$ cat coords.cif   # mmCIF, C-alpha atoms
data_model
#
loop_
_atom_site.label_atom_id
_atom_site.label_comp_id
_atom_site.auth_asym_id
_atom_site.auth_seq_id
_atom_site.Cartn_x
_atom_site.Cartn_y
_atom_site.Cartn_z
CA MET T 491 22.28 -21.39 -5.14
CA THR T 492 20.82 -21.71 -1.71
CA ARG T 493 21.79 -23.27 1.56
CA SER T 494 19.52 -26.27 0.97
CA ASP T 495 21.33 -27.08 -2.31
CA ILE T 496 24.49 -27.51 -0.30
CA GLU T 497 22.81 -29.81 2.18
CA GLN T 498 21.67 -32.08 -0.68
CA GLN T 499 25.29 -32.73 -1.63
CA PRO T 500 26.81 -36.08 -0.66
CA LEU T 501 29.15 -36.11 2.32
CA ILE T 502 32.75 -35.07 1.84
CA THR T 503 34.88 -38.21 1.99
CA LEU T 504 38.17 -37.81 3.79
CA THR T 505 41.12 -40.13 4.29
CA PRO T 506 42.01 -40.21 7.97
CA ALA T 507 45.66 -39.77 8.91
CA VAL T 508 47.09 -42.97 10.32
CA SER T 509 50.00 -44.19 12.35
CA ILE T 510 50.98 -47.85 12.35
CA VAL T 511 53.20 -49.16 15.09
CA GLU T 512 54.35 -52.74 15.55
CA SER T 513 55.02 -54.18 18.95
CA LYS T 514 56.21 -57.67 19.87
CA ASP T 515 52.80 -59.29 19.60
CA ALA T 516 50.55 -56.83 17.75
CA PHE T 517 50.11 -54.04 15.23
CA LEU T 518 48.51 -50.85 16.47
CA VAL T 519 46.69 -48.85 13.79
CA SER T 520 45.60 -45.40 15.02
CA LEU T 521 43.44 -43.13 12.88
CA ASP T 522 42.49 -39.50 13.47
CA ILE T 523 38.70 -39.35 13.19
CA PRO T 524 37.75 -36.22 15.13
CA GLY T 525 34.09 -35.63 15.93
CA ALA T 526 32.75 -39.09 15.10
CA GLN T 527 30.29 -40.97 17.26
CA LYS T 528 31.28 -44.45 18.38
CA GLU T 529 28.04 -45.88 16.95
CA ARG T 530 28.83 -44.50 13.51
CA ILE T 531 32.28 -46.03 13.19
CA SER T 532 32.61 -49.38 11.52
CA VAL T 533 35.72 -51.54 11.55
CA ASN T 534 35.76 -54.66 9.40
CA VAL T 535 38.33 -57.36 8.85
CA GLU T 536 37.59 -59.59 5.90
CA HIS T 537 39.89 -61.54 3.59
CA GLN T 538 42.94 -59.84 5.05
CA LEU T 539 41.47 -56.43 4.38
CA LEU T 540 40.94 -54.04 7.25
CA SER T 541 38.40 -51.37 6.37
CA VAL T 542 37.39 -48.45 8.52
CA THR T 543 34.52 -46.09 7.81
CA ALA T 544 33.14 -43.38 10.04
CA GLU T 545 30.57 -40.67 9.74
CA VAL T 546 30.62 -37.26 11.33
CA PRO T 547 27.03 -36.01 11.15
CA ALA T 548 26.27 -32.51 9.91
CA GLN T 549 25.85 -30.08 12.75
CA GLY T 550 24.43 -26.59 12.44
CA GLU T 551 26.09 -24.95 9.44
CA ASN T 552 28.75 -27.66 9.33
CA ALA T 553 28.37 -30.23 6.58
CA GLY T 554 28.75 -33.88 7.49
CA LYS T 555 31.93 -35.76 6.71
CA GLN T 556 32.77 -39.33 5.96
CA TYR T 557 36.09 -41.00 6.70
CA ARG T 558 37.17 -44.11 4.86
CA ARG T 559 40.39 -46.08 4.69
CA GLU T 560 41.43 -49.62 3.89
CA PHE T 561 44.55 -51.60 4.68
CA THR T 562 45.74 -54.93 3.38
CA LEU T 563 46.92 -57.12 6.20
CA ALA T 564 49.94 -59.37 6.01
CA ASN T 565 49.36 -63.04 6.75
CA ASP T 566 51.03 -62.81 10.15
CA ILE T 567 47.86 -61.29 11.64
CA GLU T 568 45.13 -63.23 13.38
CA PRO T 569 41.99 -61.65 11.82
CA GLN T 570 39.72 -62.77 14.69
CA SER T 571 41.86 -60.91 17.17
CA ALA T 572 41.07 -57.41 15.90
CA ASP T 573 39.87 -55.08 18.56
CA ALA T 574 38.97 -51.37 18.26
CA HIS T 575 38.74 -48.49 20.66
CA TYR T 576 37.67 -44.84 20.13
CA GLU T 577 38.86 -42.09 22.44
CA LEU T 578 39.47 -38.33 22.06
CA GLY T 579 38.73 -38.55 18.35
CA VAL T 580 41.28 -41.29 17.71
CA LEU T 581 40.30 -44.80 16.61
CA THR T 582 42.86 -47.42 17.59
CA VAL T 583 42.65 -50.88 16.05
CA THR T 584 44.79 -53.59 17.65
CA LEU T 585 45.66 -56.52 15.40
CA ARG T 586 47.38 -59.37 17.17
CA LYS T 587 50.02 -61.46 15.45
CA LYS T 588 49.60 -65.17 14.92
CA GLU T 589 51.44 -67.20 17.50
CA GLN T 590 54.07 -68.51 15.07
CA PHE T 591 55.04 -64.98 14.03
CA LYS T 592 55.67 -63.61 17.49
CA PRO T 593 59.35 -63.16 18.33
CA LYS T 594 60.68 -65.90 20.57
CA GLN T 595 63.66 -66.08 22.76
CA ILE T 596 65.63 -69.23 22.01
CA HIS T 597 67.49 -70.71 24.91
CA ILE T 598 70.98 -71.89 24.32
CA GLN T 599 71.47 -75.29 25.89
CA MET S 1461 63.85 -22.93 9.85
CA SER S 1462 63.01 -19.27 10.25
CA LEU S 1463 64.32 -17.16 13.08
CA ILE S 1464 61.02 -15.53 13.82
CA LYS S 1465 58.15 -17.86 14.41
CA ARG S 1466 55.42 -17.14 11.93
CA THR S 1467 51.98 -16.94 13.48
CA PRO S 1468 49.55 -16.44 10.65
CA THR S 1469 46.47 -14.50 11.61
CA MET S 1470 43.37 -15.26 9.68
CA GLU S 1471 40.22 -13.26 9.21
CA LEU S 1472 37.41 -15.23 10.75
CA SER S 1473 34.70 -14.06 8.41
CA ARG S 1474 36.36 -14.31 5.03
CA TRP S 1475 35.53 -17.98 4.66
CA ASN S 1476 33.02 -18.70 1.96
CA SER S 1477 31.66 -22.13 1.15
CA GLU S 1478 28.51 -21.08 -0.61
CA PHE S 1479 29.41 -22.88 -3.82
CA PRO S 1480 28.53 -26.58 -3.85
CA ALA S 1481 30.82 -27.14 -6.83
CA PHE S 1482 33.77 -26.50 -4.55
CA ARG S 1483 32.67 -28.95 -1.93
CA GLY S 1484 34.53 -31.92 -3.37
CA LEU S 1485 37.60 -29.78 -3.77
CA LEU S 1486 37.61 -28.75 -0.14
CA SER S 1487 39.20 -31.92 1.16
CA LEU S 1488 41.72 -31.87 -1.66
CA GLN S 1489 42.47 -28.24 -0.93
CA HIS S 1490 42.88 -29.15 2.72
CA ASP S 1491 45.48 -31.80 1.89
CA MET S 1492 47.27 -29.51 -0.56
CA ASN S 1493 47.45 -26.74 2.03
CA ARG S 1494 49.09 -29.09 4.45
CA ILE S 1495 51.68 -30.18 1.93
CA VAL S 1496 52.44 -26.61 0.86
CA ASP S 1497 52.60 -25.49 4.49
CA GLU S 1498 55.07 -28.21 5.34
CA PHE S 1499 57.18 -27.46 2.31
CA PHE S 1500 57.47 -23.75 2.96
CA ARG S 1501 58.05 -24.20 6.63
CA GLY S 1502 61.14 -26.08 5.50
CA ASP S 1503 61.80 -27.58 8.89
CA LEU S 1504 60.23 -30.94 8.34
CA LEU S 1505 63.13 -32.68 10.01
CA ALA S 1506 65.39 -29.82 11.07
CA ASP S 1507 63.30 -28.78 14.03
CA GLY S 1508 64.00 -31.59 16.46
CA SER S 1509 62.58 -35.01 15.79
CA LEU S 1510 59.88 -35.98 13.36
CA PHE S 1511 57.45 -36.21 16.26
CA GLN S 1512 58.04 -32.74 17.60
CA ARG S 1513 57.59 -30.55 14.53
CA ASP S 1514 54.98 -27.84 14.44
CA TRP S 1515 51.69 -28.53 12.77
CA SER S 1516 48.48 -26.72 12.18
CA PRO S 1517 45.10 -28.19 13.04
CA ALA S 1518 42.30 -28.16 10.47
CA VAL S 1519 39.65 -25.56 11.28
CA ASP S 1520 36.09 -25.10 10.01
CA ILE S 1521 34.41 -21.73 10.53
CA THR S 1522 30.71 -21.22 9.96
CA GLU S 1523 28.35 -18.34 10.54
CA ASN S 1524 24.65 -17.90 11.06
CA ALA S 1525 22.51 -14.96 12.16
CA GLU S 1526 23.29 -15.59 15.83
CA ARG S 1527 26.93 -16.65 15.96
CA TYR S 1528 30.17 -17.76 14.40
CA THR S 1529 31.23 -21.32 15.15
CA LEU S 1530 34.82 -22.45 14.93
CA ASN S 1531 35.60 -26.17 14.98
CA ALA S 1532 39.25 -27.17 15.32
CA GLU S 1533 40.24 -30.81 14.84
CA LEU S 1534 42.53 -31.83 17.67
CA PRO S 1535 42.30 -35.62 17.75
CA GLY S 1536 44.22 -37.40 20.47
CA MET S 1537 44.55 -34.35 22.68
CA SER S 1538 43.06 -33.97 26.10
CA LYS S 1539 41.35 -30.78 27.27
CA GLU S 1540 44.34 -29.94 29.44
CA ASP S 1541 46.67 -29.85 26.42
CA VAL S 1542 44.70 -27.08 24.69
CA GLN S 1543 44.69 -23.39 25.54
CA VAL S 1544 42.43 -20.69 24.09
CA THR S 1545 43.27 -17.02 24.64
CA LEU S 1546 41.83 -13.73 23.47
CA GLU S 1547 44.03 -10.67 23.25
CA ASN S 1548 43.44 -7.44 21.32
CA ASN S 1549 40.56 -9.09 19.50
CA VAL S 1550 42.83 -11.91 18.32
CA LEU S 1551 41.73 -15.37 19.32
CA THR S 1552 44.56 -17.88 19.64
CA ILE S 1553 44.36 -21.64 20.02
CA ARG S 1554 47.58 -23.30 21.07
CA GLY S 1555 48.62 -26.61 22.49
CA GLN S 1556 50.94 -29.53 22.52
CA LYS S 1557 50.19 -33.00 21.25
CA LYS S 1558 52.33 -35.74 22.71
CA ALA S 1559 53.19 -38.99 21.00
CA ASN S 1560 51.90 -41.99 22.92
CA THR S 1561 54.18 -44.55 24.50
CA GLU S 1562 53.51 -47.27 21.93
CA GLN S 1563 54.99 -44.98 19.33
CA LYS S 1564 58.07 -44.38 21.40
CA GLU S 1565 58.61 -48.05 22.14
CA GLY S 1566 57.33 -49.98 19.12
CA ASP S 1567 58.57 -50.23 15.55
CA VAL S 1568 57.02 -47.36 13.61
CA HIS S 1569 55.81 -48.33 10.15
CA ARG S 1570 53.94 -45.19 9.23
CA ILE S 1571 53.29 -41.84 10.89
CA GLU S 1572 50.88 -39.44 9.21
CA ARG S 1573 49.29 -38.20 12.40
CA ARG S 1574 50.77 -34.98 13.72
CA TYR S 1575 52.56 -34.35 16.99
CA GLY S 1576 54.18 -31.43 18.70
CA SER S 1577 53.08 -27.91 19.40
CA PHE S 1578 50.70 -25.84 17.34
CA GLU S 1579 49.33 -22.34 17.39
CA ARG S 1580 46.61 -20.73 15.27
CA SER S 1581 45.27 -17.20 15.52
CA PHE S 1582 42.14 -15.55 14.19
CA THR S 1583 41.18 -11.89 14.11
CA LEU S 1584 37.62 -11.60 15.32
CA PRO S 1585 35.13 -9.37 13.57
CA ALA S 1586 33.97 -6.43 15.69
CA THR S 1587 30.49 -7.95 15.78
CA VAL S 1588 31.52 -10.76 18.18
CA ASP S 1589 30.40 -10.38 21.76
CA VAL S 1590 33.73 -11.37 23.34
CA ASN S 1591 32.22 -11.73 26.82
CA ARG S 1592 30.04 -14.63 25.75
CA ILE S 1593 32.59 -16.79 23.90
CA ASP S 1594 32.19 -20.44 24.83
CA ALA S 1595 34.65 -23.33 24.33
CA GLN S 1596 33.82 -27.07 24.39
CA TYR S 1597 36.04 -30.05 23.67
CA LYS S 1598 34.60 -33.41 22.67
CA ASP S 1599 35.86 -36.42 20.70
CA GLY S 1600 38.90 -34.59 19.42
CA VAL S 1601 37.03 -31.47 18.27
CA LEU S 1602 37.33 -28.08 19.94
CA THR S 1603 34.19 -26.03 19.33
CA LEU S 1604 34.27 -22.29 19.95
CA THR S 1605 30.96 -20.49 19.89
CA LEU S 1606 31.32 -16.78 19.20
CA PRO S 1607 27.93 -15.10 19.63
CA LYS S 1608 27.23 -11.91 17.73
CA ALA S 1609 26.50 -8.77 19.68
CA GLU S 1610 22.78 -7.93 19.83
CA GLU S 1611 23.17 -4.79 17.70
CA ALA S 1612 25.06 -6.70 14.99
CA LYS S 1613 22.37 -9.29 14.37
CA PRO S 1614 20.42 -8.91 11.16
CA ARG S 1615 16.90 -7.69 11.61
CA ALA S 1616 13.98 -7.09 9.35
CA ILE S 1617 12.79 -3.54 9.04
CA ASP S 1618 9.15 -2.96 8.38
CA VAL S 1619 8.55 -0.83 5.34
CA LYS S 1620 5.63 1.45 5.97
CA VAL S 1621 3.53 2.39 3.04
CA ARG S 1622 2.11 5.87 3.17
#
$ encode --input "coords.cif" --output "structure tokens"
Amino acid sequence: MTRSDIEQQPLITLTPAVSIVESKDAFLVSLDIPGAQKERISVNVEHQLLSVTAEVPAQGENAGKQYRREFTLANDIEPQSADAHYELGVLTVTLRKKEQFKPKQIHIQ
Amino acid sequence: MSLIKRTPTMELSRWNSEFPAFRGLLSLQHDMNRIVDEFFRGDLLADGSLFQRDWSPAVDITENAERYTLNAELPGMSKEDVQVTLENNVLTIRGQKKANTEQKEGDVHRIERRYGSFERSFTLPATVDVNRIDAQYKDGVLTLTLPKAEEAKPRAIDVKVR
């Protein structure tokens, strides 16, 4: 078994750790994806499914890695509103709520 | 919660990933180690809040003829939150990861990402040239380059035929 045999192997697929926080008007989904390049991260929202894939290229003796995770979205989310941001190895996806699901203050007459 | 804080020291060079068959198991092993670590630490909730418990970053160590390379995954941390020290040939990475404000203010649905302080130590092999150790932090990965001393590098010896 040689070094080049190892390099032929497919990438290791990892499930990134996530935190999901809900604010008044949005859900914030943050995923730990250390070492990825912004260009190699893909975030897709389709049919109420949020899917995130990212690749960390092999570097020196380090094998490449692949991160993949999917989330089913509730129907209170506006799919067009999704917006993603990658900083310090953390990918944050902001999913805004549909207008009718945002909490409202009701005035008492 | 133990009285004395356990700081496991790990041999840098014992790592062996030469067997491709184990490659798929590595990520599983990684997850299992975390679970076992958490279980035996026993202070999942006892040690302050859920956000403040100790954790241990994932580390990859590789070696070639020139150097050892240590990659520690520290997503969400800034350079200022990480400290690398070398003492008696023991390299220690420590730091503190703070929860962001959204997590303090919003409704938390799920938290798998780790927060709080961490510390990991590694005993360096004698072959490392400690004066040339280099540390870089980018995109949540701390990379330590530990060059080998000139005399420790492998070299080919000419066999003379008489």
$ closest_atom_pairs --input "coords.cif" --of "chain S" --to "chain T" --cutoff "6 Å" --atoms "all atoms listed in the file" --output "JSON lines"
{"residue": "S:Pro1480", "atom": "CA", "partner": "T:Ile496", "partner_atom": "CA", "distance": 5.5}
{"residue": "S:Thr1522", "atom": "CA", "partner": "T:Glu551", "partner_atom": "CA", "distance": 6.0}
{"residue": "S:Glu1533", "atom": "CA", "partner": "T:Pro524", "partner_atom": "CA", "distance": 6.0}
{"residue": "S:Pro1535", "atom": "CA", "partner": "T:Gly579", "partner_atom": "CA", "distance": 4.7}
{"residue": "S:Gly1536", "atom": "CA", "partner": "T:Leu578", "partner_atom": "CA", "distance": 5.1}
{"residue": "S:Gly1566", "atom": "CA", "partner": "T:Ser513", "partner_atom": "CA", "distance": 4.8}
{"residue": "S:Asp1567", "atom": "CA", "partner": "T:Glu512", "partner_atom": "CA", "distance": 4.9}
{"residue": "S:Val1568", "atom": "CA", "partner": "T:Val511", "partner_atom": "CA", "distance": 4.5}
{"residue": "S:His1569", "atom": "CA", "partner": "T:Ile510", "partner_atom": "CA", "distance": 5.3}
{"residue": "S:Arg1570", "atom": "CA", "partner": "T:Ile510", "partner_atom": "CA", "distance": 5.1}
{"residue": "S:Ile1571", "atom": "CA", "partner": "T:Ser509", "partner_atom": "CA", "distance": 4.3}
{"residue": "S:Glu1572", "atom": "CA", "partner": "T:Ala507", "partner_atom": "CA", "distance": 5.2}
{"residue": "S:Arg1573", "atom": "CA", "partner": "T:Ala507", "partner_atom": "CA", "distance": 5.3}
{"residue": "S:Asp1599", "atom": "CA", "partner": "T:Gly579", "partner_atom": "CA", "distance": 4.3}
{"residue": "S:Gly1600", "atom": "CA", "partner": "T:Gly579", "partner_atom": "CA", "distance": 4.1}
{"residue": "S:Val1601", "atom": "CA", "partner": "T:Gly525", "partner_atom": "CA", "distance": 5.6}
$ resolve_selection --input "coords.cif" --expression "the PyMOL selection byres ((chain S and resi 1541-1555) around 6)" --output "list in words"
Ser1538, Lys1539, Glu1540, Gln1556, Ser1577, Phe1578, Glu1579, Arg1580, Ser1581, Phe1582, Thr1583 and Leu1584 of chain S
$ write_last_selection --input "coords.cif" --atoms "C-alpha atoms" --output "short mmCIF file (atom, residue, chain, number, x, y, z; two decimals), keeping the file's coordinate frame"
data_model
loop_
_atom_site.label_atom_id
_atom_site.label_comp_id
_atom_site.auth_asym_id
_atom_site.auth_seq_id
_atom_site.Cartn_x
_atom_site.Cartn_y
_atom_site.Cartn_z
CA SER S 1538 43.06 -33.97 26.10
CA LYS S 1539 41.35 -30.78 27.27
CA GLU S 1540 44.34 -29.94 29.44
CA GLN S 1556 50.94 -29.53 22.52
CA SER S 1577 53.08 -27.91 19.40
CA PHE S 1578 50.70 -25.84 17.34
CA GLU S 1579 49.33 -22.34 17.39
CA ARG S 1580 46.61 -20.73 15.27
CA SER S 1581 45.27 -17.20 15.52
CA PHE S 1582 42.14 -15.55 14.19
CA THR S 1583 41.18 -11.89 14.11
CA LEU S 1584 37.62 -11.60 15.32
#
$ atom_distance --input "coords.cif" --atom1 "atom CA of Thr562 of chain T" --atom2 "atom CA of Met1492 of chain S"
25.8 Å
$ residues_near_point --input "coords.cif" --point "(37.6, -46.0, 6.3)" --cutoff "7 Å" --atoms "all atoms listed in the file" --output "PyMOL selection string"
chain T and resi 541-544+557-560
$ residues_around --input "coords.cif" --residues "Leu563 of chain T" --least-positions-apart "5" --cutoff "12 Å" --atoms "all atoms listed in the file" --output "ChimeraX atom specification"
/T:510,517,519,534-541,568-569,572,585-587
$ write_last_selection --input "coords.cif" --atoms "C-alpha atoms" --output "compact mmCIF listing (two decimals), in the frame of the given file"
# COMPACT_ATOMS: atom_id res chain seq x y z
CA ILE T 510 50.98 -47.85 12.35
CA PHE T 517 50.11 -54.04 15.23
CA VAL T 519 46.69 -48.85 13.79
CA ASN T 534 35.76 -54.66 9.40
CA VAL T 535 38.33 -57.36 8.85
CA GLU T 536 37.59 -59.59 5.90
CA HIS T 537 39.89 -61.54 3.59
CA GLN T 538 42.94 -59.84 5.05
CA LEU T 539 41.47 -56.43 4.38
CA LEU T 540 40.94 -54.04 7.25
CA SER T 541 38.40 -51.37 6.37
CA GLU T 568 45.13 -63.23 13.38
CA PRO T 569 41.99 -61.65 11.82
CA ALA T 572 41.07 -57.41 15.90
CA LEU T 585 45.66 -56.52 15.40
CA ARG T 586 47.38 -59.37 17.17
CA LYS T 587 50.02 -61.46 15.45
$ residues_around --input "coords.cif" --residues "Val1588 of chain S" --least-positions-apart "4" --cutoff "7 Å" --atoms "all atoms listed in the file" --output "PDB file with C-alpha atoms, keeping the file's coordinate frame"
ATOM      1  CA  LEU S1584      37.620 -11.600  15.320  1.00  0.00           C
ATOM      2  CA  LEU S1606      31.320 -16.780  19.200  1.00  0.00           C
ATOM      3  CA  PRO S1607      27.930 -15.100  19.630  1.00  0.00           C
ATOM      4  CA  LYS S1608      27.230 -11.910  17.730  1.00  0.00           C
ATOM      5  CA  ALA S1609      26.500  -8.770  19.680  1.00  0.00           C
TER       6      ALA S1609
END
$ atom_distance --input "coords.cif" --atom1 "atom CA of Lys1598 of chain S" --atom2 "atom CA of Tyr1575 of chain S"
18.9 Å
$ closest_residue --input "coords.cif" --among "S:Lys1620, S:Arg1592, S:Lys1613, S:Arg1574" --to "Ala1518 of chain S" --atoms "all atoms listed in the file"
S:Arg1574
$ axis_aligned_box --input "coords.cif" --around "segment 1567-1583 of chain S" --padding-each-side "8 Å" --output "AutoDock Vina command-line options"
--center_x 49.9 --center_y -31.1 --center_z 14.3 --size_x 33.4 --size_y 54.3 --size_z 26.2
